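Peer 1: Structure incoming, see below.
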Amino acid sequence: MIEQIPAKHIITKTKSSNWFGLDYNMNIYHGCCHGCIYCDSRSSCYQITDFDNVRAKEHALTIIRDDLRRKVKKGVIGTGAMSDPYNPFEETLTLTRHALELIDAFGFGIGIATKSTLLWRDTDILESIREHSPVLLKVTITTPKDSLSQIIEPGAPCSSKRMELIARLASKGLFAGILLMPVLPFIEDAKEDILRLVSMAHKAGARFIYPAFGMTLRGNQREWYFDCLDRLFPEENLRSRYIRTYKNSYECASPHAKLLWNAFSSA
């Protein structure tokens with residue numbers, strides 16, 4: 001049984017619509033069990049304790065319905081910024097699916113960010129939303145290598161499965177593409193890997209690739225990430241390399257970021 005946590009509102013106004021034209025945020029779940037070693041949502045500023053334990057917001061669908069009723073202005077609702085809306089519990093709880101039904105009924109658009117192939121289940125509702133509002137589907141893929149994705153994103157489907165999801169969404173005519181972020185310095189930032197992923201995305205019919213050639217590191221997230229590096233890449237002394245290169249910087253661009261951007265832009 002998933003833990004329930006109280007909430008007053010679930011659909012909130014964004015501070016800026018610059019991020020993919022999103023007008024509102026929606027987070028039905030707290031925490032995530034994908035176990036990605038780099039997740040910024042672990043940062044202490046978000047105050048999510050026991051992040052690997054997924055919790056659902058109590059009376060979520062009633063709150064979402066009431067939030068939508070109060071909105072004077074229609075717009076695009078984004079979900080997936082803080083926790084994946086398609087975590088394994090969603091398969092049986094169907095909170096995200098029913099939220100999409102409400103979004104459709106009230107005439108709003110949707111922007112989804114996920115690593116889960118469970119997104120495919122809800123294409124019927126997404127096609128209905130598309131009839132009146134924008135639908136934007138963002139699938140995070142950070143490496144073309146399944147072997148590496150299973151190390152750094154152990155609870156998520158491997159990269160090739162996510163690329164297959166892109167192809168299936170594209171076959172439905174849905175606007176779907178890839179969040180190529182983060183690109184972990186010293187781990188994922190080889191030029192040949194970026195170009196391989198671009199080629200795979202093209203073949204899959206991805207409508208866009210949005211890259212960030214680097215990562216962020218801050219309180220709590222930094223310690224978690226470094227501990228993961230020590231455990232998963234013990235021979236490479238990556239912790240020391242990061243500290244030497246970035247010290248306490250929040251933004252940690254790949255040393256090859258300019259080269260990667262030039263290669264990406266001309267691919």
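Each chain in the structure tokens gets a letter, A, B and so on, in the order shown; residues start at 1 in every chain, and ligands are counted from 1 in the order they appear.
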When you look at segment 169-186 of chain A with a cut-off of 6 Å (counting only C-alpha atoms), what residues show up, excluding the ones that are within fewer than 3 positions of it in the same chain? I need them as a VMD selection string.

Peer 2: chain A and resid 136 to 142 166 189 205 to 215 254

Peer 1: Can you tell me which residues surround Ser149 of chain A at a distance of at most 12 Å, considering only C-alpha atoms, apart from same-chain residues fewer than 2 positions away, and format the answer as number ranges by chain?

Peer 2: A: 34-38, 115, 140-147, 151-162, 183-184, 187-188

Peer 1: Nearest residue to Gly21 of chain A out of A:Ala204, A:Val135, A:Leu95, A:Ile64, using only C-alpha atoms?

Peer 2: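 Result for the nearest residue to Gly21 of chain A: A:Val135.
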
Peer 1: If you run DSSP on the backbone here, which positions in segment 9-43 of chain A get strand (DSSP E or B)? Please write them as number ranges by chain.

Peer 2: A: 11-13, 24-26, 29-30

Peer 1: Store the residues picked out above in a file with N, CA and C atoms, as a PDB file, in the first residue's frame.

Peer 2:
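Listed below is the output, part36.pdb:
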ATOM      1  N   ILE A  11      -2.143  21.490  -8.917  1.00  0.00           N
ATOM      2  CA  ILE A  11      -1.825  22.222 -10.148  1.00  0.00           C
ATOM      3  C   ILE A  11      -1.528  23.671  -9.783  1.00  0.00           C
ATOM      4  N   THR A  12      -0.279  24.072  -9.993  1.00  0.00           N
ATOM      5  CA  THR A  12       0.177  25.391  -9.590  1.00  0.00           C
ATOM      6  C   THR A  12       0.756  26.139 -10.788  1.00  0.00           C
ATOM      7  N   LYS A  13       0.731  27.451 -10.722  1.00  0.00           N
ATOM      8  CA  LYS A  13       1.259  28.281 -11.809  1.00  0.00           C
ATOM      9  C   LYS A  13       2.772  28.191 -11.852  1.00  0.00           C
ATOM     10  N   TYR A  24       1.471  25.587 -16.166  1.00  0.00           N
ATOM     11  CA  TYR A  24       1.179  25.057 -14.829  1.00  0.00           C
ATOM     12  C   TYR A  24       2.036  23.820 -14.568  1.00  0.00           C
ATOM     13  N   ASN A  25       2.245  23.542 -13.292  1.00  0.00           N
ATOM     14  CA  ASN A  25       2.935  22.317 -12.854  1.00  0.00           C
ATOM     15  C   ASN A  25       1.947  21.391 -12.161  1.00  0.00           C
ATOM     16  N   MET A  26       2.187  20.091 -12.296  1.00  0.00           N
ATOM     17  CA  MET A  26       1.365  19.093 -11.595  1.00  0.00           C
ATOM     18  C   MET A  26       2.274  17.956 -11.128  1.00  0.00           C
ATOM     19  N   TYR A  29       2.805  12.660  -7.378  1.00  0.00           N
ATOM     20  CA  TYR A  29       3.616  11.795  -6.525  1.00  0.00           C
ATOM     21  C   TYR A  29       4.783  12.575  -5.923  1.00  0.00           C
ATOM     22  N   HIS A  30       5.245  12.100  -4.780  1.00  0.00           N
ATOM     23  CA  HIS A  30       6.475  12.576  -4.157  1.00  0.00           C
ATOM     24  C   HIS A  30       7.468  11.425  -4.173  1.00  0.00           C
TER      25      HIS A  30
END

Peer 1: Could you tell me how far atom CA of Ile63 of chain A lies from atom CA of Ile103 of chain A, in Å and to one decimal?

Peer 2: 12.4 Å

Peer 1: Counting only C-alpha atoms, which of A:Gly107, A:Leu259, A:Leu118, A:Arg239 gets nearest to Glu131 of chain A?

Peer 2: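 Between A:Gly107, A:Leu259, A:Leu118, A:Arg239, the residue approaching Glu131 of chain A most closely is A:Gly107.
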
Peer 1: Out of A:Asp67, A:Asp40, A:Asp124, A:Glu164, which residue has the shortest atom-to-atom distance to Tyr250 of chain A when counting only C-alpha atoms?

Peer 2: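 So, comparing all the options, the nearest one is A:Asp40.
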
Peer 1: List as a ChimeraX atom specification the protein and nucleic acid residues near His132 of chain A, meaning an atom at most 9 Å away when only C-alpha atoms are counted, but skip any in the same chain fewer than 2 places from it.

Peer 2: /A:104,107-109,128-130,134
